[in-house]
Structure formats: C-alpha cells, structure tokens
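Novice: I have a structure I would like to understand better, so I am pasting it below and will then ask my questions one at a time.
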Amino acid sequence: MSDAAHLRLALRLARRGYGTTSPNPMVGAVLVNGGKIIGRGWHRQAGGPHAEIEALRDAQKRGHSPQGATIYVTLEPCCTHGRTPPCTDALIAAGIQHVVVGATDPNPHHAGRGFKILEQAGIAVTSADPKLAAACTRLNEVFNHWITHRTPFVTVKAAMTLDGKIATASGESKWITGPAARAHGMILRQGSDAILVGVNTILADDPGLTYRPPADAKSPAPSKLRRLILDTRARTPLTARVVTDESAALTTLVVGRNAPKRKVSALAKKVNVLIAPEKKSAQAGAKPHIDLRWLLKKLGKENVTSLLVEGGGEVNAGFLLGGHAQRVAFFYAPKILGGRDARKAVAGDGAKSLADIVPLHEVTWQQLGEDLLLTALVR
C-alpha cells in the first residue's frame with residue numbers, strides 16, 4: 001500500500017468516532033513497519049486514548065514492535081497535557097521513525113508545535129499531498145471552527161416542499177419527506193452536541209428532539225444531545241415533552257430578561273433555564289428576540305462544538321440572515337404545497353436587495369429515496 005492508501009485507511013478509521021469525540025476532533029492512525037500494517041486505532045470518545053495510542057496498543061496486542069515504524073495519522077499529534085498525556089511523548093518513547101500527517105492542528109496556540117517536537121527527537125515528519133490534507137481538514141470542520149472561533153459550528157436543517165414550505169398554514173408538517181430523509185436527519189443529530197428550535201415548534205408539534213438510533217444499531221451509546229428552546233416569553237407548556245420526558249435534564253429554555261417570572265420559576269423546577277439578553281428587530285413593530293451572538297458565545301464556552309438548528313422559518317432566518325450559520329442541510333420532497341400562509345423554511349424580514357442574498361458554496365446534492373438533500377457551506 002502507498003502512503004496515500006495508508007492515510008485514506010486512517011481517515012476511514014477516524015470517521016468511526018462520529019458523534020462520540022466532541023469536544024475533541026475525530027482522528028485515525030495506522031502503524032506500518034516493513035510494509036506491513038501492525039496496528040490501527042482511532043479516537044473513540046472524549047477523555048479516552050487518542051488514535052496514536054490506540055494504534056500503538058493494537059500493535060502490542062498483536063505482538064508487533066513499533067520500533068522503527070511509520071505512523072500515518074490524520075491530525076498533527078498533540079503535544080500538550082490534557083485529559084491524556086501528549087501523543088508526541090508516546091511516539092518518541094515507542095521508537096517511531098517516521099510520521100505522515102494529514103492535517104495541522106487548527107488550534108493557533110498549538111499548530112506546528114507537535115511537528116517540531118517530533119523532528120527535534122529525530123523523527124521524520126511528512127505532510128500528506130494537498131488533496132488528502134484537505135480531506136483530513138474537512139473531516140473536522142466542526143472542531144476546527146469551534147477551536148478557532150470558540151462558538152459552535154451551526155447547521156440549519158429544514159425539510160420542505162419544492163416551493164420551500166415546511167408546513168401548512170395550520171402547522172401540519174408530518175411528514176413532508178420520506179423515511180430515508182428522516183433517517184439521514186437522525187445522522188445529523190448523532191453528530192451534533194445540541195439541537196435548537198423555537199417555541200413555536202414546541203407549541204405546534206410538541207417534538208421530542210432526541211436522537212433515535214437505527215433499529216439495527218448494536219448497543220448504541222446513550223445520546224447526550226442537548227435541547228435548546230428559544231422562548232423569549234417563557235411560553236413553553238409545563239406538559240411539553242422536552243419538559244417532562246426522561247431527557248428533561250438535557251433541556252435548556254432560553255428566555256428573555258422580561259419573561260414572566262412566575263412562569264420562568266415554574267419551568268426552572270423541571271428543566272434548565274437560561275436568561276439571555278434580547279435584541280430589538282430592525283423591523284418596526286417587531287418583537288425583541290434572543291441575542292443569538294451572545295448565546296453562541298456562551299454555548300462555545302460550554303464545549304458545544306456543533307449546533308443543529310431545526311427551528312421554524314423565523315428561527316432559521318435569524319441564524320441564516322443574521323450571519324450565524326456555517327452550513328445548511330435542506331431536504332426537498334417532490335411536492336408542491338403553495339399558499340400565501342403556508343409556513344416557509346426561511347422567513348424573517350428577508351434580504352432587502354439581491355446584494356444581501358446569503359450565498360452558498362461547496363454545494364452537494366444527494367438523493368434519499370424520492371427526496372433530495374442539498375448540503376452547502378454558508379459564506
């Protein structure tokens with residue numbers, strides 16, 4: 001196998017950590033000696049051994065010595081003490097001769113330091129070709145955003161008809177898309193730290209907002225998906241599922257400072273309540289809304305690296321038109337709803353001119369049953 005093939009294998013291993021490594025990145029490693037793979041590993045969960053350590057242990061279990069071996073790793077080995085010791089120390093102690101790396105550590109305080117430590121110890125360090133390096137970087141776009149901006153990577157997800165409607169005028173929305181699209185929506189939840197909706201979604205649908213693993217999942221780990229409700233006036237019913245179900249401890253209601261104190265107090269006995277500053281709308285007569293920038297900064301400090309927004313049209317507009325989203329995941333069903341009062345996927349005040357339109361790039365389309373999924377980054 002070539003260097004590129006070994007690194008592609010490390011990438012496949014890294015992806016096995018999807019949904020379990022936050023707030024750490026996904027990382028994979030392959031250990032090779034004499035042209036033979038002697039160990040493999042990936043970072044399985046935050047607080048556990050890193051990929052390099054897993055690969056070294058795998059080699060040991062198989063009875064192979066890493067002395068003089070080459071390790072292929074998707075991300076620059078860590079060089080600082082965290083919940084685990086530095087991987088650079090372990091690689092040096094193991095007698096590794098060569099390290100082939102996919103991506104540089106995105107943390108500006110650590111970037112390149114691991115390489116220097118390894119080279120000073122006499123270990124050769126080689127970077128992957130640009131195409132593979134880009135794939136390794138893209139794998140951790142969520143972590144890379146959080147570690148540099150200290151705010152969550154925000155994905156706005158919506159399921160709609162071809163004319164952009166997410167519900168009828170009365171609020172009926174189940175189900176616009178088919179089973180394959182809904183299953184993919186669960187995959188998005190699996191990879192997220194938190195999910196966010198507006199209170200109108202709670203009032204209309206009373207959703208559970210949980211991650212439901214596929215029926216054939218083998219011993220799925222319990223989900224720690226946080227649930228955030230934007231509820232400026234604390235209108236969430238005390239009987240709502242997000243307040244009364246077994247995951248209520250994972251629910252946070254984000255209310256405004258002028259929310260009725262009696263209602264806030266009653267809700268705070270059942271779920272977490274966060275009192276947030278409000279911002280006035282630019283539109284005359286519009287009600288104040290939660291300051292999203294303030295909220296994202298707070299979530300970032302709490303190690304929420306990825307936020308999945310599944311709000312209604314107003315919430316989606318707040319993130320997209322307010323410049324707070326990094327990616328969209330729009331599911332389109334081959335259906336036409338029509339109607340002036342049908343609910344839009346993106347509402348709000350809208351762009352005032354073509355120059356204010358939110359541009360998307362790196363657009364991909366995927367067919368899921370009869371539905372289409374558009375995934376794109378937001379400029």
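Letters A, B, ... go to the chains of the structure tokens in the order shown; residues in each chain start at 1; ligands are counted from 1 in the same order.
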What's the 12 Å shell around range 81-87 of chain A, counting only C-alpha atoms, without same-chain residues fewer than 3 positions away, as a compact mmCIF listing (two decimals) with C-alpha atoms, in the first residue's frame?

Specialist:
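Written output follows (selection-v2.txt):
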# COMPACT_ATOMS: atom_id res chain seq x y z
CA PRO A 23 -15.22 18.39 22.09
CA ASN A 24 -12.22 16.59 20.58
CA ALA A 29 -3.98 6.29 12.89
CA HIS A 43 -10.10 8.27 18.90
CA GLN A 45 -14.53 9.18 22.75
CA ALA A 46 -13.52 12.35 24.57
CA GLY A 47 -11.35 11.54 27.57
CA GLY A 48 -10.24 8.22 26.08
CA PRO A 49 -6.92 7.35 24.41
CA HIS A 50 -6.06 9.24 21.25
CA ALA A 51 -5.74 7.49 17.90
CA GLU A 52 -1.96 7.18 18.08
CA ILE A 53 -2.12 5.47 21.48
CA GLU A 54 -4.86 3.12 20.23
CA ALA A 55 -2.66 2.14 17.25
CA LEU A 56 0.37 1.53 19.47
CA ILE A 71 2.65 6.04 11.72
CA VAL A 73 -2.23 9.93 11.40
CA LEU A 75 -4.16 15.12 12.51
CA GLU A 76 -0.95 16.53 13.97
CA PRO A 77 -0.12 14.60 17.19
CA CYS A 78 -0.97 16.56 20.33
CA ALA A 90 4.35 8.35 23.37
CA LEU A 91 5.57 8.28 19.76
CA ILE A 92 9.10 9.22 20.79
CA ALA A 93 9.15 6.62 23.58
CA ALA A 94 7.87 3.94 21.20
CA ILE A 96 8.64 5.66 15.85
CA VAL A 99 5.22 10.30 10.99
CA HIS A 110 -0.52 24.53 19.16
CA ARG A 113 4.45 22.50 17.78
CA GLY A 114 3.93 18.75 17.61
CA PHE A 115 5.90 18.60 14.35
CA ILE A 117 8.95 18.26 18.95
CA LEU A 118 9.00 15.13 16.80

Novice: Would you return as a ChimeraX atom specification the members of range 86-240 of chain A that DSSP assigns to helix (DSSP H, G or I) on this structure's backbone?

Specialist: /A:87-94,113-120,130-139,141-149,179-190,199-205

Novice: When distances are computed from only C-alpha atoms, which of A:Gly369, A:Arg44, A:Val32, A:Thr80 shows the smallest separation from Pro66 in chain A?

Specialist: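 Of A:Gly369, A:Arg44, A:Val32, A:Thr80, the one nearest Pro66 in chain A is A:Val32, counting only C-alpha atoms.
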
Novice: Each residue of range 63-165 of chain A lying at most 9 Å from range 326-340 of chain A should get a row with its shortest atom-to-atom pair and the distance in Å to one decimal, counting only C-alpha atoms; could you produce that, ordered by chain and increasing number, as JSON lines?

Specialist:
{"residue": "A:Phe153", "atom": "CA", "partner": "A:Gln326", "partner_atom": "CA", "distance": 6.1}
{"residue": "A:Val154", "atom": "CA", "partner": "A:Gln326", "partner_atom": "CA", "distance": 5.3}
{"residue": "A:Thr155", "atom": "CA", "partner": "A:Arg327", "partner_atom": "CA", "distance": 4.6}
{"residue": "A:Val156", "atom": "CA", "partner": "A:Val328", "partner_atom": "CA", "distance": 4.7}
{"residue": "A:Lys157", "atom": "CA", "partner": "A:Ala329", "partner_atom": "CA", "distance": 4.7}
{"residue": "A:Ala158", "atom": "CA", "partner": "A:Phe330", "partner_atom": "CA", "distance": 5.1}
{"residue": "A:Ala159", "atom": "CA", "partner": "A:Phe331", "partner_atom": "CA", "distance": 4.5}
{"residue": "A:Met160", "atom": "CA", "partner": "A:Tyr332", "partner_atom": "CA", "distance": 5.2}
{"residue": "A:Thr161", "atom": "CA", "partner": "A:Ala333", "partner_atom": "CA", "distance": 5.0}
{"residue": "A:Leu162", "atom": "CA", "partner": "A:Tyr332", "partner_atom": "CA", "distance": 5.8}
{"residue": "A:Asp163", "atom": "CA", "partner": "A:Ile336", "partner_atom": "CA", "distance": 6.0}
{"residue": "A:Gly164", "atom": "CA", "partner": "A:Tyr332", "partner_atom": "CA", "distance": 8.0}
{"residue": "A:Lys165", "atom": "CA", "partner": "A:Leu337", "partner_atom": "CA", "distance": 6.7}

Novice: Which residues come within 10 Å of Thr70 in chain A, counting only C-alpha atoms, excluding same-chain residues fewer than 6 positions away, as a list in words?

Specialist: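 Contacts, with the query itself left out: Asp3, Val30, Leu31, Val32, Asn33, Gly34, Gly35, Ile37, Gly95, Ile96, Gln97, His98, Val99, Val100, Ile123, Ala124 and Val125 of chain A.
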
Novice: Those same residues - all heavy atoms - I'd like them written as a CSV table (one decimal), in the first residue's frame.

Specialist:
chain,number,residue,atom,x,y,z
A,3,ASP,N,1.7,5.5,0.6
A,3,ASP,CA,1.4,6.4,1.7
A,3,ASP,C,0.0,6.9,1.7
A,3,ASP,O,-0.7,7.0,2.7
A,3,ASP,CB,2.4,7.5,1.7
A,3,ASP,CG,3.8,7.1,2.1
A,3,ASP,OD1,4.0,6.0,2.6
A,3,ASP,OD2,4.7,8.0,2.0
A,30,VAL,N,-2.7,4.7,11.6
A,30,VAL,CA,-2.3,3.4,11.1
A,30,VAL,C,-0.8,3.3,11.3
A,30,VAL,O,0.0,4.1,10.9
A,30,VAL,CB,-2.6,3.2,9.6
A,30,VAL,CG1,-2.1,1.9,9.0
A,30,VAL,CG2,-4.2,3.3,9.4
A,31,LEU,N,-0.4,2.2,11.9
A,31,LEU,CA,1.0,1.9,12.2
A,31,LEU,C,1.6,0.9,11.2
A,31,LEU,O,1.0,-0.2,11.0
A,31,LEU,CB,1.2,1.4,13.6
A,31,LEU,CG,2.5,1.6,14.3
A,31,LEU,CD1,3.0,3.0,14.4
A,31,LEU,CD2,2.4,1.0,15.8
A,32,VAL,N,2.7,1.2,10.5
A,32,VAL,CA,3.2,0.3,9.5
A,32,VAL,C,4.7,0.1,9.7
A,32,VAL,O,5.5,1.0,10.0
A,32,VAL,CB,3.1,1.0,8.1
A,32,VAL,CG1,3.7,0.1,7.0
A,32,VAL,CG2,1.6,1.2,7.8
A,33,ASN,N,5.1,-1.2,9.6
A,33,ASN,CA,6.6,-1.5,9.8
A,33,ASN,C,6.9,-2.6,8.7
A,33,ASN,O,6.2,-3.6,8.6
A,33,ASN,CB,6.8,-2.0,11.2
A,33,ASN,CG,8.3,-1.8,11.6
A,33,ASN,OD1,9.1,-1.3,10.8
A,33,ASN,ND2,8.6,-2.0,12.9
A,34,GLY,N,8.0,-2.3,7.9
A,34,GLY,CA,8.4,-3.2,6.9
A,34,GLY,C,7.3,-3.4,5.9
A,34,GLY,O,7.2,-4.5,5.3
A,35,GLY,N,6.5,-2.4,5.6
A,35,GLY,CA,5.5,-2.5,4.6
A,35,GLY,C,4.2,-3.2,5.1
A,35,GLY,O,3.3,-3.4,4.3
A,37,ILE,N,1.0,-3.5,7.9
A,37,ILE,CA,0.2,-2.8,8.9
A,37,ILE,C,0.3,-3.6,10.2
A,37,ILE,O,-0.1,-4.8,10.2
A,37,ILE,CB,-1.2,-2.6,8.5
A,37,ILE,CG1,-1.3,-1.7,7.3
A,37,ILE,CG2,-2.1,-2.1,9.6
A,37,ILE,CD1,-2.7,-1.6,6.7
A,95,GLY,N,9.7,4.7,19.8
A,95,GLY,CA,10.8,4.5,18.8
A,95,GLY,C,10.2,4.6,17.4
A,95,GLY,O,10.8,4.1,16.4
A,96,ILE,N,9.2,5.4,17.2
A,96,ILE,CA,8.6,5.7,15.8
A,96,ILE,C,9.7,6.4,15.0
A,96,ILE,O,10.3,7.4,15.5
A,96,ILE,CB,7.3,6.5,15.9
A,96,ILE,CG1,6.2,5.7,16.7
A,96,ILE,CG2,6.8,6.9,14.5
A,96,ILE,CD1,5.8,4.4,16.0
A,97,GLN,N,9.9,6.0,13.8
A,97,GLN,CA,10.9,6.6,13.0
A,97,GLN,C,10.4,7.7,12.0
A,97,GLN,O,11.1,8.6,11.6
A,97,GLN,CB,11.6,5.5,12.1
A,97,GLN,CG,12.8,5.9,11.3
A,97,GLN,CD,13.4,4.8,10.6
A,97,GLN,OE1,12.8,4.1,9.9
A,97,GLN,NE2,14.7,4.5,10.9
A,98,HIS,N,9.1,7.6,11.6
A,98,HIS,CA,8.5,8.4,10.6
A,98,HIS,C,7.0,8.7,10.9
A,98,HIS,O,6.3,7.8,11.2
A,98,HIS,CB,8.7,7.8,9.2
A,98,HIS,CG,8.3,8.6,8.1
A,98,HIS,ND1,8.2,8.1,6.8
A,98,HIS,CD2,8.0,10.0,8.0
A,98,HIS,CE1,7.9,9.1,6.0
A,98,HIS,NE2,7.8,10.3,6.7
A,99,VAL,N,6.6,9.9,10.8
A,99,VAL,CA,5.2,10.3,11.0
A,99,VAL,C,4.7,11.0,9.7
A,99,VAL,O,5.3,12.0,9.3
A,99,VAL,CB,5.0,11.3,12.2
A,99,VAL,CG1,3.6,11.7,12.3
A,99,VAL,CG2,5.5,10.6,13.5
A,100,VAL,N,3.6,10.4,9.1
A,100,VAL,CA,3.0,11.0,8.0
A,100,VAL,C,1.7,11.6,8.5
A,100,VAL,O,0.8,10.9,9.0
A,100,VAL,CB,2.7,10.0,6.9
A,100,VAL,CG1,2.1,10.6,5.6
A,100,VAL,CG2,4.1,9.3,6.4
A,123,ILE,N,12.7,12.3,14.6
A,123,ILE,CA,11.7,11.6,13.8
A,123,ILE,C,11.3,12.4,12.6
A,123,ILE,O,11.1,13.6,12.6
A,123,ILE,CB,10.4,11.4,14.7
A,123,ILE,CG1,10.7,10.6,15.9
A,123,ILE,CG2,9.2,10.8,13.9
A,123,ILE,CD1,9.5,10.5,16.9
A,124,ALA,N,11.3,11.7,11.4
A,124,ALA,CA,10.9,12.4,10.2
A,124,ALA,C,9.4,12.7,10.1
A,124,ALA,O,8.6,11.8,10.5
A,124,ALA,CB,11.3,11.5,9.0
A,125,VAL,N,9.1,13.9,9.7
A,125,VAL,CA,7.7,14.3,9.6
A,125,VAL,C,7.4,14.6,8.1
A,125,VAL,O,8.0,15.5,7.5
A,125,VAL,CB,7.3,15.4,10.5
A,125,VAL,CG1,5.9,15.9,10.3
A,125,VAL,CG2,7.6,15.1,12.0

Novice: Would you kindly return, as number ranges by chain, each protein, DNA or RNA residue with an atom no farther than 9 Å from any atom of Val378 in chain A, considering only C-alpha atoms and excluding same-chain residues fewer than 6 positions away?

Specialist: A: 320, 323, 325-328, 358-362

Novice: Just to confirm, what's the straight-line distance from CA of Glu310 in chain A to CA of Leu188 in chain A in Å (one decimal)?

Specialist: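 Taking CA of Glu310 in chain A as the start and CA of Leu188 in chain A as the end point, the length is 10.7 Å.
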
Novice: Using only C-alpha atoms for the distances, tell me which of A:Met26, A:Ala59, A:Ala215, A:Val273 is nearest to Glu141 in chain A.

Specialist: A:Met26

Novice: Go through A:Ser223, A:Ser2, A:Ser173, A:Thr232 one by one, measure the shortest atom-to-atom distance of each to Lys344 in chain A using only C-alpha atoms, and give the residue with the smallest value.

Specialist: A:Ser173

Novice: Quick one: everything within 9 Å of Ala248 in chain A, counting only C-alpha atoms, minus sequence neighbours fewer than 3 positions away in the same chain. Send it as a PyMOL selection string.

Specialist: chain A and resi 227+241-245+251-252+270-272

Novice: Please indicate the distance in Å from CA of Val142 in chain A to CA of Gly28 in chain A, rounded to one decimal place.

Specialist: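 Going from CA of Val142 in chain A over to CA of Gly28 in chain A covers 16.5 Å.
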
Novice: Please report the interatomic distance between CA of Arg189 in chain A and CA of Ala347 in chain A in Å with one decimal.

Specialist: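 Atom-to-atom, CA of Arg189 in chain A and CA of Ala347 in chain A are spaced 23.1 Å apart.
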
Novice: Mind listing the strand (DSSP E) residues of range 118-156 of chain A, per DSSP on the backbone, as a short mmCIF file (atom, residue, chain, number, x, y, z; two decimals) with N, CA and C atoms, in the first residue's frame?

Specialist:
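Now in out.cif:
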data_model
loop_
_atom_site.label_atom_id
_atom_site.label_comp_id
_atom_site.auth_asym_id
_atom_site.auth_seq_id
_atom_site.Cartn_x
_atom_site.Cartn_y
_atom_site.Cartn_z
N ALA A 124 11.29 11.74 11.42
CA ALA A 124 10.95 12.41 10.16
C ALA A 124 9.45 12.68 10.12
N VAL A 125 9.08 13.87 9.67
CA VAL A 125 7.67 14.25 9.57
C VAL A 125 7.37 14.61 8.12
N THR A 126 6.35 13.98 7.56
CA THR A 126 5.96 14.23 6.18
C THR A 126 4.49 14.63 6.14
N SER A 127 4.18 15.66 5.38
CA SER A 127 2.79 16.09 5.22
C SER A 127 2.15 15.38 4.04
N PHE A 153 -20.22 25.33 15.52
CA PHE A 153 -20.45 25.26 14.08
C PHE A 153 -21.94 25.01 13.91
N VAL A 154 -22.62 25.93 13.25
CA VAL A 154 -24.08 25.89 13.17
C VAL A 154 -24.54 25.35 11.83
N THR A 155 -25.37 24.30 11.87
CA THR A 155 -26.02 23.76 10.68
C THR A 155 -27.51 24.02 10.78
N VAL A 156 -28.06 24.68 9.75
CA VAL A 156 -29.51 24.91 9.70
C VAL A 156 -30.12 23.80 8.85
#

Novice: Would you kindly return, as a compact mmCIF listing (two decimals) with all heavy atoms, in the first residue's frame, each protein, DNA or RNA residue with an atom no farther than 9 Å from any atom of Gly311 in chain A, considering only C-alpha atoms and excluding same-chain residues fewer than 6 positions away?

Specialist:
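Heads up, here's the output in out_27.txt:
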# COMPACT_ATOMS: atom_id res chain seq x y z
N VAL A 156 -28.06 24.68 9.75
CA VAL A 156 -29.51 24.91 9.70
C VAL A 156 -30.12 23.80 8.85
O VAL A 156 -29.78 23.65 7.68
CB VAL A 156 -29.85 26.29 9.12
CG1 VAL A 156 -31.36 26.45 8.98
CG2 VAL A 156 -29.27 27.39 10.01
N LYS A 157 -31.01 23.02 9.46
CA LYS A 157 -31.63 21.89 8.77
C LYS A 157 -33.13 22.14 8.61
O LYS A 157 -33.78 22.61 9.55
CB LYS A 157 -31.40 20.61 9.56
CG LYS A 157 -32.09 19.38 8.99
CD LYS A 157 -32.93 18.71 10.04
CE LYS A 157 -33.81 17.63 9.44
NZ LYS A 157 -34.74 17.06 10.44
N ALA A 158 -33.64 21.85 7.42
CA ALA A 158 -35.08 22.01 7.19
C ALA A 158 -35.53 20.98 6.17
O ALA A 158 -34.80 20.64 5.24
CB ALA A 158 -35.39 23.42 6.70
N LEU A 196 -31.51 22.91 18.37
CA LEU A 196 -32.21 24.13 18.77
C LEU A 196 -33.46 24.34 17.91
O LEU A 196 -33.42 24.17 16.69
CB LEU A 196 -31.28 25.34 18.63
CG LEU A 196 -31.83 26.72 19.00
CD1 LEU A 196 -30.72 27.60 19.59
CD2 LEU A 196 -32.48 27.43 17.83
N VAL A 197 -34.56 24.70 18.57
CA VAL A 197 -35.78 25.09 17.88
C VAL A 197 -36.36 26.31 18.58
O VAL A 197 -35.92 26.70 19.66
CB VAL A 197 -36.83 23.95 17.88
CG1 VAL A 197 -36.29 22.70 17.21
CG2 VAL A 197 -37.32 23.63 19.29
N GLY A 198 -37.38 26.90 17.96
CA GLY A 198 -38.09 27.99 18.58
C GLY A 198 -39.31 27.48 19.33
O GLY A 198 -39.77 26.35 19.11
N VAL A 199 -39.87 28.29 20.19
CA VAL A 199 -41.01 27.86 20.99
C VAL A 199 -42.22 27.55 20.13
O VAL A 199 -43.05 26.70 20.50
CB VAL A 199 -41.34 28.93 22.06
CG1 VAL A 199 -41.83 30.23 21.40
CG2 VAL A 199 -42.37 28.41 23.05
N ASN A 200 -42.35 28.20 18.97
CA ASN A 200 -43.50 27.91 18.12
C ASN A 200 -43.51 26.46 17.64
O ASN A 200 -44.56 25.85 17.46
CB ASN A 200 -43.53 28.86 16.93
CG ASN A 200 -43.93 30.27 17.35
OD1 ASN A 200 -44.64 30.46 18.34
ND2 ASN A 200 -43.46 31.27 16.61
N THR A 201 -42.31 25.89 17.45
CA THR A 201 -42.21 24.48 17.08
C THR A 201 -42.71 23.60 18.23
O THR A 201 -43.40 22.59 18.01
CB THR A 201 -40.76 24.11 16.72
OG1 THR A 201 -40.36 24.86 15.56
CG2 THR A 201 -40.61 22.63 16.42
N ALA A 345 -39.61 27.79 4.98
CA ALA A 345 -38.41 27.26 5.63
C ALA A 345 -37.54 28.39 6.17
O ALA A 345 -36.90 28.25 7.21
CB ALA A 345 -37.61 26.41 4.65

Novice: With only C-alpha atoms as the basis for distance, which of A:Val315, A:Ile38, A:Leu253, A:Lys287 is at the shortest distance from Arg62 in chain A?

Specialist: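 Smallest separation from Arg62 in chain A among the options: A:Ile38.
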